[in-house]
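Encoded as structure tokens, the structure appears first; notes follow it.
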Protein chains: 4
Amino acid sequence: MALSSRRKWLNEVIFGTDTPAGKNFDVFLIWAILISVGLVLLVSVEGVAGRYGEVLFLLEWIFTGLFTVEYLLRIYCAVNRRSYIFSFYGIVDLLAILPSYLALLYTGASYLLVIRLLRVLRIFRVLKLVRYLRDANVLLRSLGLARRKILVFYASVLVLCVIFGAFMFLVEGPKHGFSSIPKSVYWAIVTITTVGYGDISPETPLGQAIAAMTMLIGYSIIAVPTGIVTAELASELGREKALHRCDNCSRAGHDKDAEYCKFCGYKLAELEELR
Amino acid sequence: MALSSRRKWLNEVIFGTDTPAGKNFDVFLIWAILISVGLVLLVSVEGVAGRYGEVLFLLEWIFTGLFTVEYLLRIYCAVNRRSYIFSFYGIVDLLAILPSYLALLYTGASYLLVIRLLRVLRIFRVLKLVRYLRDANVLLRSLGLARRKILVFYASVLVLCVIFGAFMFLVEGPKHGFSSIPKSVYWAIVTITTVGYGDISPETPLGQAIAAMTMLIGYSIIAVPTGIVTAELASELGREKALHRCDNCSRAGHDKDAEYCKFCGYKLAELEELR
Amino acid sequence: MALSSRRKWLNEVIFGTDTPAGKNFDVFLIWAILISVGLVLLVSVEGVAGRYGEVLFLLEWIFTGLFTVEYLLRIYCAVNRRSYIFSFYGIVDLLAILPSYLALLYTGASYLLVIRLLRVLRIFRVLKLVRYLRDANVLLRSLGLARRKILVFYASVLVLCVIFGAFMFLVEGPKHGFSSIPKSVYWAIVTITTVGYGDISPETPLGQAIAAMTMLIGYSIIAVPTGIVTAELASELGREKALHRCDNCSRAGHDKDAEYCKFCGYKLAELEELR
Amino acid sequence: MALSSRRKWLNEVIFGTDTPAGKNFDVFLIWAILISVGLVLLVSVEGVAGRYGEVLFLLEWIFTGLFTVEYLLRIYCAVNRRSYIFSFYGIVDLLAILPSYLALLYTGASYLLVIRLLRVLRIFRVLKLVRYLRDANVLLRSLGLARRKILVFYASVLVLCVIFGAFMFLVEGPKHGFSSIPKSVYWAIVTITTVGYGDISPETPLGQAIAAMTMLIGYSIIAVPTGIVTAELASELGREKALHRCDNCSRAGHDKDAEYCKFCGYKLAELEELR
């Protein structure tokens with residue numbers, strides 16, 4: 001699809017990161033996002049909201065206006081508008097400005113809290129940051145490969161937590177804070193992940209014995225996702241390095257600093273920086 | 001052993017997962033299990049049990065009936081009945097329906113709590129889920145290979161916990177919550193697994209020094225099971241990925257740098273990039 | 001040094017684990033150790049000590065007598081007596097019986113607690129268990145190889161804890177539980193190891209910010225010992241497998257299930273079970 | 001640059017670690033640093049400061065004098081003075097003595113606390129320790145290689161903590177301790193790192209559900225830095241162990257299965273078993 005020259009230029013600046021203008025735009029955007037998130041955080045602090053309420057309100061609207069203009073320009077200059085709007089980032093971009101406008105329509109005091117809940121979603125805008133960071137790709141690819149294994153792992157952990165939670169509900173009972181099975185499952189998750197708030201903790205000897213068992217199981221379970229991710233990540237890193245290929249025997253797996261093929265002794269071609 | 005055609009068909013549906021009917025049956029079963037477990041959880045919440053007690057009671061009996069029929073059909077159509085009944089899943093299937101019937105026989109109010117304890121075992125039914133998930137095999141095989149090493153590890157952790165617990169009992173004493181050695185061992189497990197509830201915590205300087213030592217030891221110990229599982233899992237994954245297949249005996253599992261089939265000695269074809 | 005036939009036989013039974021008698025002796029000893037440790041734990045529970053005090057006292061003396069005889073026999077039948085007595089296990093064997101005798105000499109009520117402290121050392125006897133478990137060797141060798149790296153790691157963690165502790169002492173001060181730098185260092189260790197009792201926790205915004213930083217640093221530090229142990233363990237496991245050597249080209253690194261050398265295609269010798 | 005013989009000798013003793021004198025100087029320095037840090041810790045303990053205040057004051061000044069002389073000598077004998085003074089260790093050396101002198105100039109009671117804050121920086125002196133430990137290099141190089149990936153990881157964790165913190169602020173609110181978004185972010189960090197003090201903990205069912213999700217996410221996230229460091233460390237260790245050395249160019253770092261030197265293409269000698 002051929003774009004008008006203005007749309008093409010805007011597309012390069014807003015979506016691209018190769019031209020200086022595109023890069024500067026992205027850097028500026030990141031700072032604007034970080035500052036606007038900082039403002040949301042500040043507003044929530046009681047003393048600050050009382051004293052600087054008006055300034056913060058004004059600043060918030062300036063940022064909302066800025067991001068609205070940016071959102072409209074993105075739609076205008078996107079190569080495929082529909083696919084941008086319904087893409088993950090398109091939706092995040094919309095959600096990042098919506099809460100402010102919703103606060104205008106429904107000004108009832110009782111709704112304020114709900115609107116704030118939506119406003120918090122603005123923080124998702126920060127997720128855009130990831131787009132600009134290279135190494136995230138290696139991490140995400142590793143996690144993607146380990147996806148199914150991690151799902152199986154989560155299912156097992158949840159099953160364990162429900163079973164242990166139910167046991168603890170019966171052993172300790174509402175007297176010691178285990179007031180229902182769902183709450184006991186919450187306790188089991190707090191325990192098996194080794195967080196251990198201590199807001200609910202077993203008090204009978206039998207309960208403490210079961211809790212100790214839960215911890216020891218959680219302790220060895222923690223090794224499983226680490227093992228999965230490490231194994232995938234190691235092979236991913238290995239892959240990255242394994243692109244170095246001999247022109248003579250065409251076998252790969254040479255170190256980055258290798259100059260000669262380790263299998264046939266042939267001089268290796270100059271290795272351009274791989275990542 | 002030849003089965004009647006009806007038993008054969010039932011066996012395919014109930015035990016098998018290859019035919020569409022068998023797959024649908026399994027999916028239906030998983031949902032029934034998840035919903036019935038959800039009901040057990042709901043019943044334990046005080047407010048819910050009071051208001052919807054009768055509906056929940058009825059639903060529970062519908063599920064119990066359903067699972068009872070399923071259990072009897074499984075026995076009926078199993079290829080080897082005895083081996084099914086005494087297999088792990090056969091026992092779990094029985095335990096998943098037993099508590100409801102036990103609640104009928106012993107209706108004494110004082111026994112109710114005990115019956116509930118058995119009823120909780122119904123949750124084990126969820127364990128069937130694992131049967132349907134493929135990747136669990138890789139995880140389980142890795143854990144199986146690491147079994148003996150993990151046992152040695154647990155023994156060492158327990159010995160450490162008993163020693164540290166005894167020391168803390170002497171140093172801190174019942175005054176600060178360390179009322180007996182078993183309870184101090186419980187504290188040591190809570191600490192060494194980095195859960196740290198804070199229900200019992202050292203208050204004397206010497207006790208805090210020993211506690212700090214316990215933590216640092218637990219901190220480096222956490223590395224051991226991770227190391228074990230990762231090493232086993234990496235070799236397991238390596239095997240999985242080694243799609244390098246011999247043209248002669250068509251067996252896979254060769255190293256990337258292998259030149260000859262390790263099973264039949266046949267020269268391997270050049271390895272194209274695998275993924 | 002030639003031993004009398006009786007000493008030789010005793011040596012085989014007590015120190016050896018190859019003959020049936022030697023194996024039975026060791027199994028019996030492990031059970032006796034576990035039971036006697038269990039008694040020490042029971043005595044510490046208030047209610048139990050009051051009711052069964054006399055029985056427990058008697059049983060303790062039976063075990064003490066048993067272990068005394070065993071200790072004397074070990075000295076009698078050791079190939080090199082001096083080296084046994086001053087070996088790690090020789091000293092542990094002595095410490096495991098000494099506390100009971102010390103309780104006889106000094107019967108003053110005020111000394112009782114101190115004597116108990118020594119009695120607790122009896123638990124070290126359990127450490128003998130490790131001697132009988134094979135896989136512990138792989139673990140210990142891995143830890144041994146990683147020894148120096150782990151030491152460097154501990155030094156760094158302690159330095160970090162002292163620095164963070166001192167900062168928190170200044171920021172939070174005695175008002176919020178950080179009553180001295182050593183106690184703040186204790187807090188830093190509790191935090192950096194992710195134990196988090198909550199007995200001391202920051203209350204000022206600045207303190208909470210520093211605490212958050214401490215946690216995030218501790219969070220990434222936890223990766224270091226795991227990385228060390230995993231790397232060593234993986235190479236140790238690799239080594240175990242790498243004993244499979246080709247008779248023709250004498251190159252190792254074949255899988256356990258390999259039948260032909262992957263480098264020259266020569267039939268590999270039958271692999272005896274390696275461990 | 002040619003140095004006078006006295007400066008050269010001092011340089012060898014103070015900066016060098018190869019001569020016996022240089023080694024002894026470094027060992028002496030480490031002890032002096034450890035003891036002076038111990039004194040700072042002691043001073044902060046209330047009882048000790050009251051009773052031994054004068055002795056501790058004197059000792060502190062002796063150490064300050066010692067380190068001042070050392071600092072001046074270092075400047076005197078450094079090969080390149082400017083580069084020493086502005087190096088990391090040069091600045092640490094200065095910061096380690098400055099607080100004591102600052103305490104002299106500003107003796108106002110109200111400044112005392114600030115001066116102490118600077119005094120704490122003296123502890124950084126311990127960081128010098130790292131200089132003397134060999135294996136730290138392997139660890140630091142691994143962390144250096146993983147630097148960018150770890151940064152991406154931290155950014156993601158912080159984004160997650162801000163989002164979860166904001167949600168919890170809305171769900172739980174100031175009533176249950178979540179008094180502002182920054183404080184809720186502090187809670188999220190405490191939770192996601194599995195520290196779990198319990199000073200702030202969710203009390204509503206919805207809040208506990210979100211908290212449980214936060215923990216499970218934190219639980220699998222903990223695997224990522226471990227995976228990164230392990231992968232880098234394993235390749236680093238692999239390099240270290242590859243003692244496979246070329247007879248022609250005498251450079252090491254070849255893979256175990258290498259046949260030709262990867263640097264000069266010379267045929268490598270058969271690799272004898274390395275350890």
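Residue names in the structure tokens use chain letters A, B, ... in the order shown, residue numbers from 1 in each chain, and ligand numbers from 1 in the order shown.
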Please return, as a PyMOL selection string, all residues of chain B lying within 9 Å of chain D when only C-alpha atoms are considered. chain B and resi 194-198+257
With C-alpha atoms kept, could you save the residues just selected as a PDB file, in the first residue's frame?
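Below is the file result-v9.pdb, written as the result:
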ATOM      1  CA  THR B 194      13.353 -18.528  53.423  1.00  0.00           C
ATOM      2  CA  VAL B 195       9.594 -18.540  54.168  1.00  0.00           C
ATOM      3  CA  GLY B 196      10.063 -16.549  57.396  1.00  0.00           C
ATOM      4  CA  TYR B 197       6.573 -16.136  58.889  1.00  0.00           C
ATOM      5  CA  GLY B 198       7.872 -14.201  61.860  1.00  0.00           C
ATOM      6  CA  ASP B 257      28.829 -32.938  16.450  1.00  0.00           C
TER       7      ASP B 257
END
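The space separating atom CA of Phe63 of chain A from atom CA of Asp93 of chain A comes to 12.9 Å.
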Exercise for the section: Find the residues near Leu206 of chain C: any atom within 12 Å, counting only C-alpha atoms, skip ones fewer than 5 places away on the same chain, and give them as a VMD selection string. Expected result: (chain C and resid 167 to 172 211 to 213) or (chain D and resid 182 to 183 186)
Can you spit out the residues from that selection as a tab-separated table (two decimals), in the first residue's frame, using N, CA and C atoms?
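So selection_32.tsv came out as:
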chain	number	residue	atom	x	y	z
C	167	PHE	N	23.38	1.90	56.71
C	167	PHE	CA	22.51	2.92	56.13
C	167	PHE	C	21.15	2.93	56.83
C	168	MET	N	20.58	1.74	57.02
C	168	MET	CA	19.26	1.65	57.62
C	168	MET	C	19.28	2.12	59.07
C	169	PHE	N	20.39	1.83	59.78
C	169	PHE	CA	20.53	2.30	61.16
C	169	PHE	C	20.43	3.82	61.22
C	170	LEU	N	21.06	4.47	60.22
C	170	LEU	CA	21.04	5.94	60.19
C	170	LEU	C	19.70	6.48	59.75
C	171	VAL	N	19.07	5.79	58.78
C	171	VAL	CA	17.82	6.30	58.23
C	171	VAL	C	16.64	6.03	59.16
C	172	GLU	N	16.55	4.81	59.67
C	172	GLU	CA	15.40	4.44	60.49
C	172	GLU	C	15.64	4.71	61.98
C	211	ALA	N	15.12	-0.38	51.58
C	211	ALA	CA	14.79	-1.80	51.77
C	211	ALA	C	14.42	-2.43	50.44
C	212	ALA	N	13.62	-1.71	49.62
C	212	ALA	CA	13.23	-2.24	48.31
C	212	ALA	C	14.47	-2.50	47.46
C	213	MET	N	15.43	-1.57	47.51
C	213	MET	CA	16.67	-1.75	46.76
C	213	MET	C	17.42	-2.98	47.26
D	182	PRO	N	3.07	4.60	45.99
D	182	PRO	CA	4.46	4.25	46.29
D	182	PRO	C	4.59	3.19	47.38
D	183	LYS	N	3.76	3.31	48.44
D	183	LYS	CA	3.82	2.32	49.51
D	183	LYS	C	3.34	0.96	49.01
D	186	TYR	N	6.09	-0.58	47.19
D	186	TYR	CA	6.99	-1.19	48.19
D	186	TYR	C	6.47	-2.57	48.59
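Residues within 9 Å of segment 45-59 of chain A, counting only C-alpha atoms and excluding same-chain residues fewer than 5 positions away, are Ser36, Leu39, Val40 and Thr64 of chain A; Ser179, Ser180, Ile181, Pro182 and Lys183 of chain D.
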Restrict the selected residues to N, CA, C and O atoms and save them as a compact mmCIF listing (two decimals), in the first residue's frame.
# COMPACT_ATOMS: atom_id res chain seq x y z
N SER A 36 4.55 10.93 33.51
CA SER A 36 3.10 10.88 33.77
C SER A 36 2.78 9.76 34.76
O SER A 36 1.88 9.92 35.59
N LEU A 39 3.50 11.09 38.11
CA LEU A 39 2.44 11.97 38.60
C LEU A 39 1.31 11.16 39.24
O LEU A 39 0.80 11.52 40.30
N VAL A 40 0.92 10.05 38.56
CA VAL A 40 -0.14 9.20 39.11
C VAL A 40 0.25 8.71 40.50
O VAL A 40 -0.55 8.69 41.43
N THR A 64 -2.42 13.87 29.11
CA THR A 64 -3.52 13.18 28.45
C THR A 64 -3.70 13.73 27.03
O THR A 64 -3.85 12.98 26.06
N SER D 179 -1.45 2.78 51.96
CA SER D 179 -1.86 4.17 52.09
C SER D 179 -1.57 5.03 50.87
O SER D 179 -2.10 6.13 50.75
N SER D 180 -0.68 4.59 49.97
CA SER D 180 -0.41 5.35 48.75
C SER D 180 0.16 4.38 47.72
O SER D 180 0.59 3.29 48.07
N ILE D 181 0.19 4.79 46.44
CA ILE D 181 0.73 3.89 45.42
C ILE D 181 2.21 3.58 45.68
O ILE D 181 2.60 2.43 45.65
N PRO D 182 3.07 4.60 45.99
CA PRO D 182 4.46 4.25 46.29
C PRO D 182 4.59 3.19 47.38
O PRO D 182 5.39 2.27 47.27
N LYS D 183 3.76 3.31 48.44
CA LYS D 183 3.82 2.32 49.51
C LYS D 183 3.34 0.96 49.01
O LYS D 183 3.86 -0.08 49.41
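Take atom CA of Asn11 of chain D and atom CA of Tyr84 of chain D: the distance between them is 12.1 Å.
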Taken to one decimal, the atom CA of Val92 of chain A-atom CA of Ile150 of chain A distance is 25.8 Å
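Distance check against Glu203 of chain C using only C-alpha atoms: of C:Pro174, C:Phe153, C:Gly90, C:Ala78, the minimum falls on C:Pro174.
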